[in-house]
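S.K.: Take this structure first; my questions come after.
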Amino acid sequence: MSEIPAELLYRESHEWVRDEGNGVLVVGISDHAQAALGDMVYIELPEPGMSYEQGDACAVVESVKAASDAYAPVTGEIIEVNGALEDAPELVNNDPYGDGWLFMVQMSIPDEMEGLLTPEAYADLQDD
Amino acid sequence: MRKTPLHDAHLAAGARMVDFSGWEMPINYGSQIEEHNHVRNSAGMFDVSHMTVVDVQGDQARAFLSKLLANDVVKLQTPGKALYSCMLNEAGGVIDDMIAYFISENWFRLVVNAATRDKGLAWLERQGAAFSIAVTEHHELAVIAVQGPKARDKAQTLFSGSQLAAINELKPFTAYSDYDLFVARTGYTGEDGYEILMPAGEATDFWNRLQAEGVAPCGLGARDTLRLEAGMNLYGQDMDEDVTPLVSGLGWTVAMKDDRQFIGRQALEQQKREGIPQKLAGLVLEGRGVLRPGQTVVTEAGEGVTTSGGFSPTLQRAIALARIPVRAEGACDVEIRGKYLQARIVKPPFVRNGKPCDGIL
């Protein structure tokens with residue numbers, strides 16, 4: 001059974017979101033997603049300063065198995081990316097909710113947080 | 001879905017199981033890259049019991065295979081000798097690839113792909129009808145591949161006495177056969193090792209004893225990256241019924257120096273006369289990114305396509321096999337999600353016996 005921390009919010013497409021306050025969100029992919037994809041070999045991150053709408057593909061996680069898009073959980077501007085992933089993509093496997101984070105976004109439409117999934121709702125999704 | 005005799009052992013080892021051509025098989029047991037490295041550095045084992053083992057027996061076994069296979073079974077004269085070959089259709093397209101073993105003059109053994117079992121057996125039946133032969137599929141056997149620099153030492157602990165002596169002396173691409181035990185010094189990883197056929201009921205004991213010797217269970221994921229680094233074709237990706245061995249890097253497996261009339265020969269002769277248009281080459285991506293099957297390759301001699309691709313754990317670079325114009329060489333560009341990234345055209349294999357091959361890095 002994969003880990004689903006209670007303090008985070010989730011998207012159906014398996015991103016997690018941590019609210020840092022002041023409209024800043026940290027985004028990564030869930031434990032379930034990293035396990036399903038297998039060993040990561042390359043992470044393509046967005047450029048800081050780029051803006052995305054909610055649901056836009058903005059990063060690519062490439063595992064031994066396949067390339068998968070990661071989507072912007074909210075509309076906003078990328079303010080920082082996890083540069084450590086360039087040389088150590090396996091951080092996404094080893095610590096998906098910690099050192100394996102992907103990017104930070106400054107959200108511009110706070111109401112969009114309403115549409116994200118609670119840990120319970122995300123867990124139900126995996127049980128289906 | 002079909003299960004191999006080792007299914008319970010896989011689940012006990014924490015395998016992630018996937019559907020492979022109707023078989024429930026382990027894709028990995030946690031980390032595909034660790035499994036890959038274990039084979040390159042020590043020894044790993046693969047359950048390949050889904051592969052199809054077929055015996056061809058009878059007075060005309062050799063004559064039949066001489067017509068059926070693009071490689072020439074005349075090269076098989078001593079018991080246990082193995083031969084890699086394609087089986088072609090009349091148009092020269094590849095129906096399947098296999099290893100054929102000589103057991104005795106009236107008995108050859110073929111190990112063919114699981115994914116092509118039905119059409120392969122149908123072709124054997126159809127082409128074999130004119131010969132005095134019998135084709136027998138061995139459902140009762142399990143197959144374990146033990147591969148890596150320490151694979152032979154570790155696997156030999158399973159045997160004793162005269163069996164051990166004979167297995168220890170096996171040269172590459174030969175096999176030892178003793179009733180229902182069949183040990184071949186072959187593989188699909190670019191490392192030394194064995195492929196061992198045994199009765200299904202003995203497979204779990206074999207597996208557990210190998211694990212106790214430190215041989216790591218490895219899934220189909222690692223098997224694929226290992227064979228790609230070794231520059232070995234995967235049927236259905238790097239060749240199929242629409243392409244000939246001559247454009248699939250397998251010209252060396254086609255024996256047509258004499259006038260032996262094997263199926264597909266005329267088509268290959270015609271292709272040679274007209275000029276072989278393509279080759280299967282290796283690609284090494286210069287920068288970051290991952291090569292995957294089906295990507296467009298742009299060379300100075302024209303376009304081509306990747307047929308297999310992935311991240312090479314040994315080289316720490318993305319590599320691929322690609323069907324490209326025969327004159328293409330040097331640098332090329334590969335289209336990866338709308339961007340063109342630079343790659344270098346090389347001659348496979350990429351890795352042999354744990355080390356990068358000359359000219360690859």
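Residue numbering restarts at 1 in every chain; chains get A, B, ... in the order shown in the structure tokens, and ligands count up from 1 in that same order.
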Show me, as a list in words, the residues of chain B whose atoms get within 9 Å of chain A, using only C-alpha atoms for the distance check.
M.R.: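 Residues satisfying the distance criterion: Arg16, Asn28, Gly30, Ser31, Gln32, Ile33, Gly221, Thr225, Arg288, Gly289, Val290, Arg292, Gly310, Phe311, Pro313 and Gln316 of chain B.
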S.K.: Identify all residues of segment 2-171 of chain B in helix (DSSP H, G or I) (DSSP on the backbone) and supply them as an MDAnalysis selection string.
M.R.: chainID B and resid 7:12 32:41 61:68 73:75 117:128 151:156 161:168
S.K.: Could you give me, as JSON lines, every segment 65-120 of chain A residue with an atom at most 10 Å from segment 11-27 of chain A, plus its closest atom pair and distance in Å to one decimal, counting only C-alpha atoms, rows ordered by chain then number?
M.R.:
```
{"residue": "A:Asp69", "atom": "CA", "partner": "A:Ser13", "partner_atom": "CA", "distance": 9.1}
{"residue": "A:Ala70", "atom": "CA", "partner": "A:Glu15", "partner_atom": "CA", "distance": 7.0}
{"residue": "A:Tyr71", "atom": "CA", "partner": "A:Glu15", "partner_atom": "CA", "distance": 7.3}
{"residue": "A:Ala72", "atom": "CA", "partner": "A:Val27", "partner_atom": "CA", "distance": 8.3}
{"residue": "A:Pro73", "atom": "CA", "partner": "A:Arg11", "partner_atom": "CA", "distance": 6.8}
{"residue": "A:Val74", "atom": "CA", "partner": "A:Leu25", "partner_atom": "CA", "distance": 9.0}
{"residue": "A:Gly76", "atom": "CA", "partner": "A:Val24", "partner_atom": "CA", "distance": 9.4}
{"residue": "A:Glu77", "atom": "CA", "partner": "A:Val24", "partner_atom": "CA", "distance": 9.7}
{"residue": "A:Ile78", "atom": "CA", "partner": "A:Val24", "partner_atom": "CA", "distance": 9.6}
{"residue": "A:Ile79", "atom": "CA", "partner": "A:Val24", "partner_atom": "CA", "distance": 8.7}
{"residue": "A:Glu80", "atom": "CA", "partner": "A:Val26", "partner_atom": "CA", "distance": 9.1}
{"residue": "A:Val81", "atom": "CA", "partner": "A:Val26", "partner_atom": "CA", "distance": 9.4}
{"residue": "A:Pro96", "atom": "CA", "partner": "A:Trp16", "partner_atom": "CA", "distance": 9.3}
{"residue": "A:Tyr97", "atom": "CA", "partner": "A:Trp16", "partner_atom": "CA", "distance": 7.9}
{"residue": "A:Gly100", "atom": "CA", "partner": "A:Val27", "partner_atom": "CA", "distance": 9.6}
{"residue": "A:Trp101", "atom": "CA", "partner": "A:Val27", "partner_atom": "CA", "distance": 6.1}
{"residue": "A:Leu102", "atom": "CA", "partner": "A:Val27", "partner_atom": "CA", "distance": 5.8}
{"residue": "A:Phe103", "atom": "CA", "partner": "A:Val27", "partner_atom": "CA", "distance": 5.5}
{"residue": "A:Met104", "atom": "CA", "partner": "A:Val26", "partner_atom": "CA", "distance": 4.5}
{"residue": "A:Val105", "atom": "CA", "partner": "A:Leu25", "partner_atom": "CA", "distance": 5.3}
{"residue": "A:Gln106", "atom": "CA", "partner": "A:Val24", "partner_atom": "CA", "distance": 4.7}
{"residue": "A:Met107", "atom": "CA", "partner": "A:Gly23", "partner_atom": "CA", "distance": 5.4}
{"residue": "A:Ser108", "atom": "CA", "partner": "A:Gly23", "partner_atom": "CA", "distance": 7.6}
{"residue": "A:Ile109", "atom": "CA", "partner": "A:Gly23", "partner_atom": "CA", "distance": 9.0}
{"residue": "A:Pro110", "atom": "CA", "partner": "A:Gly23", "partner_atom": "CA", "distance": 7.2}
{"residue": "A:Met113", "atom": "CA", "partner": "A:Val17", "partner_atom": "CA", "distance": 9.5}
{"residue": "A:Gly115", "atom": "CA", "partner": "A:Arg11", "partner_atom": "CA", "distance": 8.5}
{"residue": "A:Leu116", "atom": "CA", "partner": "A:Arg11", "partner_atom": "CA", "distance": 5.6}
{"residue": "A:Leu117", "atom": "CA", "partner": "A:Arg11", "partner_atom": "CA", "distance": 5.7}
{"residue": "A:Thr118", "atom": "CA", "partner": "A:Arg11", "partner_atom": "CA", "distance": 8.8}
{"residue": "A:Pro119", "atom": "CA", "partner": "A:Trp16", "partner_atom": "CA", "distance": 9.5}
```
S.K.: Applying 12 Å and only C-alpha atoms, which residues near segment 166-169 of chain B remain after dropping the ones on its own chain fewer than 3 positions away? List them as a VMD selection string.
M.R.: chain B and resid 80 151 to 163 172 to 178 181 to 185 193 to 196
S.K.: Could you please determine the separation between atom CA of Cys218 of chain B and atom CA of Met45 of chain B in Å, to one decimal place?
M.R.: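 Computing it gives 5.6 Å between the two atoms.
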S.K.: From the options B:Pro277, B:Gly201, B:Pro217, B:Gly287, which residue's atoms come nearest to Ala12 of chain B, counting only C-alpha atoms?
M.R.: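 The answer is B:Pro217, which sits nearest to Ala12 of chain B.
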S.K.: For Cys332 of chain B, list every protein, DNA or RNA residue within 8 Å, evaluated using only C-alpha atoms, and leave out those in the same chain fewer than 4 positions away; present the list as a list in words.
M.R.: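 Within the cut-off, the hits are Val297, Val298, Thr299, Glu300, Gln342, Ala343, Arg344 and Ile345 of chain B.
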